[in-house]
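For reference, protein-v7.pdb is printed below; it contains PDB, C-alpha atoms, pLDDT in the B column.
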```pdb
ATOM      1  CA  MET A   1     -27.224  29.718 -98.407  1.00 59.00           C
ATOM      2  CA  LYS A   2     -27.842  27.473-101.417  1.00 58.00           C
ATOM      3  CA  THR A   3     -24.330  26.056-101.089  1.00 62.00           C
ATOM      4  CA  LEU A   4     -24.920  25.191 -97.437  1.00 52.00           C
ATOM      5  CA  LEU A   5     -28.185  23.411 -98.274  1.00 53.00           C
ATOM      6  CA  LEU A   6     -26.529  21.545-101.139  1.00 50.00           C
ATOM      7  CA  VAL A   7     -23.646  20.356 -98.966  1.00 55.00           C
ATOM      8  CA  ALA A   8     -25.991  19.322 -96.147  1.00 56.00           C
ATOM      9  CA  SER A   9     -28.225  17.347 -98.502  1.00 57.00           C
ATOM     10  CA  LEU A  10     -25.223  15.603-100.080  1.00 51.00           C
ATOM     11  CA  LEU A  11     -23.868  14.577 -96.691  1.00 53.00           C
ATOM     12  CA  LEU A  12     -27.235  13.203 -95.641  1.00 48.00           C
ATOM     13  CA  SER A  13     -27.724  11.303 -98.883  1.00 45.00           C
ATOM     14  CA  PHE A  14     -24.264   9.700 -98.706  1.00 44.00           C
ATOM     15  CA  SER A  15     -24.801   8.582 -95.114  1.00 43.00           C
ATOM     16  CA  ALA A  16     -28.201   7.134 -96.010  1.00 47.00           C
ATOM     17  CA  MET A  17     -26.531   4.837 -98.548  1.00 46.00           C
ATOM     18  CA  ALA A  18     -23.872   3.623 -96.138  1.00 52.00           C
ATOM     19  CA  ALA A  19     -24.226   0.131 -94.722  1.00 59.00           C
ATOM     20  CA  TRP A  20     -23.779  -0.416 -91.010  1.00 86.00           C
ATOM     21  CA  ASN A  21     -21.419  -3.175 -90.017  1.00 83.00           C
ATOM     22  CA  GLU A  22     -22.608  -5.700 -87.479  1.00 86.00           C
ATOM     23  CA  VAL A  23     -19.124  -7.061 -86.809  1.00 89.00           C
ATOM     24  CA  GLU A  24     -15.620  -6.079 -87.938  1.00 93.00           C
ATOM     25  CA  CYS A  25     -12.665  -8.437 -87.510  1.00 94.00           C
ATOM     26  CA  GLU A  26      -8.979  -8.121 -88.326  1.00 94.00           C
ATOM     27  CA  GLY A  27      -5.763 -10.021 -87.779  1.00 92.00           C
ATOM     28  CA  ARG A  28      -2.582 -11.395 -89.345  1.00 91.00           C
ATOM     29  CA  PHE A  29      -2.010 -14.769 -90.961  1.00 84.00           C
ATOM     30  CA  GLU A  30       1.269 -15.884 -92.589  1.00 84.00           C
ATOM     31  CA  ASN A  31       2.407 -12.297 -93.403  1.00 86.00           C
ATOM     32  CA  LYS A  32      -1.087 -11.403 -94.650  1.00 89.00           C
ATOM     33  CA  ASN A  33      -3.434  -8.810 -93.188  1.00 93.00           C
ATOM     34  CA  VAL A  34      -6.932 -10.232 -92.948  1.00 93.00           C
ATOM     35  CA  SER A  35     -10.089  -8.223 -92.366  1.00 94.00           C
ATOM     36  CA  LEU A  36     -13.699  -9.339 -92.395  1.00 93.00           C
ATOM     37  CA  GLU A  37     -16.803  -7.161 -92.211  1.00 94.00           C
ATOM     38  CA  VAL A  38     -20.353  -8.437 -91.824  1.00 92.00           C
ATOM     39  CA  GLU A  39     -23.069  -5.891 -92.607  1.00 90.00           C
ATOM     40  CA  GLN A  40     -26.313  -5.640 -90.709  1.00 81.00           C
ATOM     41  CA  PRO A  41     -29.197  -6.929 -92.812  1.00 74.00           C
ATOM     42  CA  PHE A  42     -31.786  -4.715 -94.456  1.00 69.00           C
ATOM     43  CA  PRO A  43     -34.592  -5.023 -93.636  1.00 65.00           C
ATOM     44  CA  ASN A  44     -33.574  -5.649 -90.060  1.00 66.00           C
ATOM     45  CA  GLY A  45     -35.336  -9.015 -89.746  1.00 67.00           C
ATOM     46  CA  SER A  46     -33.658 -10.492 -92.818  1.00 71.00           C
ATOM     47  CA  TYR A  47     -31.977 -13.858 -92.309  1.00 75.00           C
ATOM     48  CA  PHE A  48     -29.072 -13.351 -94.718  1.00 85.00           C
ATOM     49  CA  LYS A  49     -26.245 -10.823 -94.369  1.00 88.00           C
ATOM     50  CA  ARG A  50     -23.401  -9.650 -96.599  1.00 91.00           C
ATOM     51  CA  ALA A  51     -19.807 -10.315 -95.615  1.00 92.00           C
ATOM     52  CA  SER A  52     -16.602  -9.068 -97.191  1.00 93.00           C
ATOM     53  CA  LEU A  53     -13.269 -10.828 -96.581  1.00 93.00           C
ATOM     54  CA  THR A  54     -10.148  -8.867 -97.566  1.00 93.00           C
ATOM     55  CA  VAL A  55      -6.660 -10.386 -97.613  1.00 93.00           C
ATOM     56  CA  ALA A  56      -3.734  -7.992 -98.178  1.00 93.00           C
ATOM     57  CA  GLU A  57      -0.239  -9.241 -98.985  1.00 88.00           C
ATOM     58  CA  ASN A  58       2.780  -7.509-100.558  1.00 87.00           C
ATOM     59  CA  GLY A  59       0.825  -4.392-101.480  1.00 85.00           C
ATOM     60  CA  SER A  60      -2.041  -6.206-103.213  1.00 90.00           C
ATOM     61  CA  GLU A  61      -5.521  -6.895-101.891  1.00 91.00           C
ATOM     62  CA  LYS A  62      -7.975  -9.656-102.669  1.00 91.00           C
ATOM     63  CA  THR A  63     -11.591  -9.210-101.604  1.00 93.00           C
ATOM     64  CA  GLU A  64     -14.261 -11.890-101.612  1.00 92.00           C
ATOM     65  CA  ASP A  65     -17.946 -11.257-100.914  1.00 93.00           C
ATOM     66  CA  TYR A  66     -20.224 -13.782 -99.231  1.00 93.00           C
ATOM     67  CA  THR A  67     -23.873 -14.095 -98.290  1.00 92.00           C
ATOM     68  CA  VAL A  68     -23.819 -15.396 -94.731  1.00 92.00           C
ATOM     69  CA  SER A  69     -26.369 -16.614 -92.263  1.00 90.00           C
ATOM     70  CA  SER A  70     -25.895 -16.202 -88.544  1.00 87.00           C
ATOM     71  CA  ARG A  71     -26.986 -17.992 -85.444  1.00 89.00           C
ATOM     72  CA  LEU A  72     -26.602 -17.154 -81.780  1.00 86.00           C
ATOM     73  CA  ILE A  73     -25.267 -19.931 -79.543  1.00 84.00           C
ATOM     74  CA  ARG A  74     -26.779 -18.672 -76.267  1.00 79.00           C
ATOM     75  CA  GLY A  75     -25.367 -21.125 -73.763  1.00 80.00           C
ATOM     76  CA  PHE A  76     -21.813 -20.375 -74.857  1.00 86.00           C
ATOM     77  CA  ASN A  77     -22.253 -16.639 -75.671  1.00 87.00           C
ATOM     78  CA  ARG A  78     -21.121 -17.000 -79.282  1.00 90.00           C
ATOM     79  CA  ILE A  79     -22.313 -15.899 -82.700  1.00 91.00           C
ATOM     80  CA  GLU A  80     -21.588 -18.035 -85.742  1.00 93.00           C
ATOM     81  CA  TYR A  81     -21.609 -16.715 -89.322  1.00 93.00           C
ATOM     82  CA  THR A  82     -21.546 -19.312 -92.098  1.00 93.00           C
ATOM     83  CA  ALA A  83     -21.445 -19.354 -95.895  1.00 93.00           C
ATOM     84  CA  PRO A  84     -20.034 -21.801 -98.430  1.00 93.00           C
ATOM     85  CA  GLY A  85     -16.263 -21.506 -97.996  1.00 90.00           C
ATOM     86  CA  LEU A  86     -16.449 -19.330 -94.848  1.00 92.00           C
ATOM     87  CA  ARG A  87     -17.129 -19.850 -91.158  1.00 93.00           C
ATOM     88  CA  LEU A  88     -16.630 -17.179 -88.488  1.00 94.00           C
ATOM     89  CA  GLU A  89     -17.360 -17.708 -84.820  1.00 93.00           C
ATOM     90  CA  VAL A  90     -17.104 -14.799 -82.377  1.00 93.00           C
ATOM     91  CA  ASP A  91     -16.906 -15.562 -78.658  1.00 91.00           C
ATOM     92  CA  PHE A  92     -18.203 -12.666 -76.542  1.00 88.00           C
ATOM     93  CA  TRP A  93     -18.054 -14.436 -73.169  1.00 83.00           C
ATOM     94  CA  PRO A  94     -18.422 -13.305 -70.322  1.00 82.00           C
ATOM     95  CA  ASP A  95     -20.882 -10.784 -71.779  1.00 81.00           C
ATOM     96  CA  GLN A  96     -24.453 -11.910 -72.448  1.00 81.00           C
ATOM     97  CA  ARG A  97     -24.469  -9.961 -75.713  1.00 83.00           C
ATOM     98  CA  PRO A  98     -21.817  -8.051 -77.659  1.00 84.00           C
ATOM     99  CA  ARG A  99     -21.030  -4.627 -76.195  1.00 82.00           C
ATOM    100  CA  TRP A 100     -19.797  -1.476 -77.863  1.00 85.00           C
ATOM    101  CA  GLY A 101     -16.085  -0.790 -77.483  1.00 82.00           C
ATOM    102  CA  MET A 102     -15.173  -4.338 -76.482  1.00 88.00           C
ATOM    103  CA  ARG A 103     -12.786  -6.557 -78.462  1.00 91.00           C
ATOM    104  CA  TYR A 104     -13.670 -10.208 -78.770  1.00 91.00           C
ATOM    105  CA  ARG A 105     -11.871 -13.254 -80.101  1.00 93.00           C
ATOM    106  CA  GLY A 106     -13.042 -14.560 -83.447  1.00 93.00           C
ATOM    107  CA  THR A 107     -12.169 -17.831 -85.142  1.00 92.00           C
ATOM    108  CA  ILE A 108     -12.252 -17.951 -88.937  1.00 92.00           C
ATOM    109  CA  LEU A 109     -12.084 -20.924 -91.277  1.00 91.00           C
ATOM    110  CA  SER A 110     -11.997 -19.950 -94.945  1.00 89.00           C
ATOM    111  CA  SER A 111     -11.056 -21.534 -98.253  1.00 86.00           C
ATOM    112  CA  THR A 112      -9.340 -18.219 -99.116  1.00 83.00           C
ATOM    113  CA  LEU A 113      -6.953 -18.804 -96.190  1.00 84.00           C
ATOM    114  CA  GLY A 114      -6.271 -22.432 -97.072  1.00 82.00           C
ATOM    115  CA  ASN A 115      -8.942 -23.869 -94.725  1.00 82.00           C
ATOM    116  CA  LYS A 116      -6.758 -23.286 -91.677  1.00 83.00           C
ATOM    117  CA  ILE A 117      -8.292 -22.016 -88.444  1.00 84.00           C
ATOM    118  CA  GLN A 118      -7.115 -18.478 -87.665  1.00 87.00           C
ATOM    119  CA  PHE A 119      -7.833 -16.067 -84.838  1.00 91.00           C
ATOM    120  CA  LEU A 120      -9.040 -12.505 -85.322  1.00 92.00           C
ATOM    121  CA  ASP A 121      -9.841  -9.548 -83.063  1.00 93.00           C
ATOM    122  CA  CYS A 122     -13.485  -8.593 -83.536  1.00 93.00           C
ATOM    123  CA  THR A 123     -15.588  -5.602 -82.537  1.00 91.00           C
ATOM    124  CA  PHE A 124     -19.290  -4.842 -82.813  1.00 89.00           C
ATOM    125  CA  PRO A 125     -19.245  -1.128 -83.765  1.00 87.00           C
ATOM    126  CA  ASN A 126     -23.010  -0.632 -83.434  1.00 80.00           C
ATOM    127  CA  ALA A 127     -23.634  -2.700 -80.298  1.00 74.00           C
ATOM    128  CA  TYR A 128     -25.296  -1.124 -77.277  1.00 73.00           C
TER     129      TYR A 128
END
```
Give the structure from the file, written as structure tokens.
Amino acid sequence: MKTLLLVASLLLSFSAMAAWNEVECEGRFENKNVSLEVEQPFPNGSYFKRASLTVAENGSEKTEDYTVSSRLIRGFNRIEYTAPGLRLEVDFWPDQRPRWGMRYRGTILSSTLGNKIQFLDCTFPNAY
């Protein structure tokens, strides 16, 4: 019984420390696998969010962390995430807001990728 309680409490404590991702994007660029994750802010009303850009090539990975701000472009159904050296824009048209299970087109411009515009597939794993 003690073992069951210990395991249950460990599982709950690990999940409490996990960060929820607001958006997850991935794609390929010049033989590189690119993935970008933007975490939901804590507390929920916070203006700044954490982003992690990972570029994998030839068995090695390079990860860069950013503090991004976001803004919703309502008339065009887009969300833009910006930080020094990073700009991601996700187009979720024709939906009014991002939906769970849908894949959307993202456009990334990053100094890590040589400041060239690239396209990514993006999902909102915690959308309604």
What do you get, as a PDB file with C-alpha atoms, keeping the file's coordinate frame, if you spell out every residue that the PyMOL selection byres ((chain A and resi 68) around 12) selects here?
```pdb
ATOM      1  CA  GLU A  37     -16.803  -7.161 -92.211  1.00 94.00           C
ATOM      2  CA  VAL A  38     -20.353  -8.437 -91.824  1.00 92.00           C
ATOM      3  CA  GLU A  39     -23.069  -5.891 -92.607  1.00 90.00           C
ATOM      4  CA  GLN A  40     -26.313  -5.640 -90.709  1.00 81.00           C
ATOM      5  CA  PRO A  41     -29.197  -6.929 -92.812  1.00 74.00           C
ATOM      6  CA  SER A  46     -33.658 -10.492 -92.818  1.00 71.00           C
ATOM      7  CA  TYR A  47     -31.977 -13.858 -92.309  1.00 75.00           C
ATOM      8  CA  PHE A  48     -29.072 -13.351 -94.718  1.00 85.00           C
ATOM      9  CA  LYS A  49     -26.245 -10.823 -94.369  1.00 88.00           C
ATOM     10  CA  ARG A  50     -23.401  -9.650 -96.599  1.00 91.00           C
ATOM     11  CA  ALA A  51     -19.807 -10.315 -95.615  1.00 92.00           C
ATOM     12  CA  SER A  52     -16.602  -9.068 -97.191  1.00 93.00           C
ATOM     13  CA  LEU A  53     -13.269 -10.828 -96.581  1.00 93.00           C
ATOM     14  CA  ASP A  65     -17.946 -11.257-100.914  1.00 93.00           C
ATOM     15  CA  TYR A  66     -20.224 -13.782 -99.231  1.00 93.00           C
ATOM     16  CA  THR A  67     -23.873 -14.095 -98.290  1.00 92.00           C
ATOM     17  CA  SER A  69     -26.369 -16.614 -92.263  1.00 90.00           C
ATOM     18  CA  SER A  70     -25.895 -16.202 -88.544  1.00 87.00           C
ATOM     19  CA  ARG A  71     -26.986 -17.992 -85.444  1.00 89.00           C
ATOM     20  CA  GLU A  80     -21.588 -18.035 -85.742  1.00 93.00           C
ATOM     21  CA  TYR A  81     -21.609 -16.715 -89.322  1.00 93.00           C
ATOM     22  CA  THR A  82     -21.546 -19.312 -92.098  1.00 93.00           C
ATOM     23  CA  ALA A  83     -21.445 -19.354 -95.895  1.00 93.00           C
ATOM     24  CA  PRO A  84     -20.034 -21.801 -98.430  1.00 93.00           C
ATOM     25  CA  GLY A  85     -16.263 -21.506 -97.996  1.00 90.00           C
ATOM     26  CA  LEU A  86     -16.449 -19.330 -94.848  1.00 92.00           C
ATOM     27  CA  ARG A  87     -17.129 -19.850 -91.158  1.00 93.00           C
ATOM     28  CA  LEU A  88     -16.630 -17.179 -88.488  1.00 94.00           C
TER      29      LEU A  88
END
```
Which residue, A:Thr123, A:Asn115, A:Arg78, A:Ile108, has the smallest gap to Arg28 (chain A) when you use all atoms listed in the file?
A:Ile108
Determine the residue membership of the PyMOL selection byres ((chain A and resi 90) around 8) for the file above and supply it as a list of chain:residue names.
A:Arg78, A:Ile79, A:Glu80, A:Leu88, A:Glu89, A:Asp91, A:Phe92, A:Tyr104, A:Arg105, A:Gly106, A:Thr107, A:Cys122
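Applied to the shown file, the PyMOL selection byres ((chain A and resi 59-62) around 10) selects the residues Lys32, Asn33, Val34, Leu53, Thr54, Val55, Ala56, Glu57, Asn58, Thr63, Glu64 and Thr112 of chain A.
Minimum distance to Gln96 (chain A) across A:Asn126, A:Glu24, A:Ile73, A:Ser35 (counting all atoms listed in the file) occurs at A:Ile73.
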Top pick for closest residue to Asp121 (chain A), considering A:Asn21, A:Asp95, A:Arg74, A:Leu36 and counting all atoms listed in the file
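So, comparing all the options, the nearest one is A:Leu36.
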Distance in Å - CA of Trp20 (chain A) versus CA of Lys116 (chain A):
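Going from CA of Trp20 (chain A) over to CA of Lys116 (chain A), I get 28.5 Å.
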Could you work out an axis-aligned bounding box for all listed atoms of region 63-82 of chain A, with 5 Å added on each of the six sides, and give its centre and edge lengths in Å to one decimal, as lines of an AutoDock Vina configuration file?
```
center_x = -19.3
center_y = -15.2
center_z = -87.7
size_x = 25.4
size_y = 21.9
size_z = 37.8
```
Quote the spacing between CA of Leu72 (chain A) and CA of Glu30 (chain A) in Å to one decimal place.
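Taking CA of Leu72 (chain A) as the start and CA of Glu30 (chain A) as the end point, the length is 29.9 Å.
Rounded to one decimal, CA of Phe29 (chain A) and CA of Ser110 (chain A) lie 11.9 Å from each other.
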Around the point (-28.4, -4.2, -72.7) in the file's coordinates, collect all residues with an atom within 9 Å, using all atoms listed in the file, and return them as a PyMOL selection string.
chain A and resi 96-97+99+128
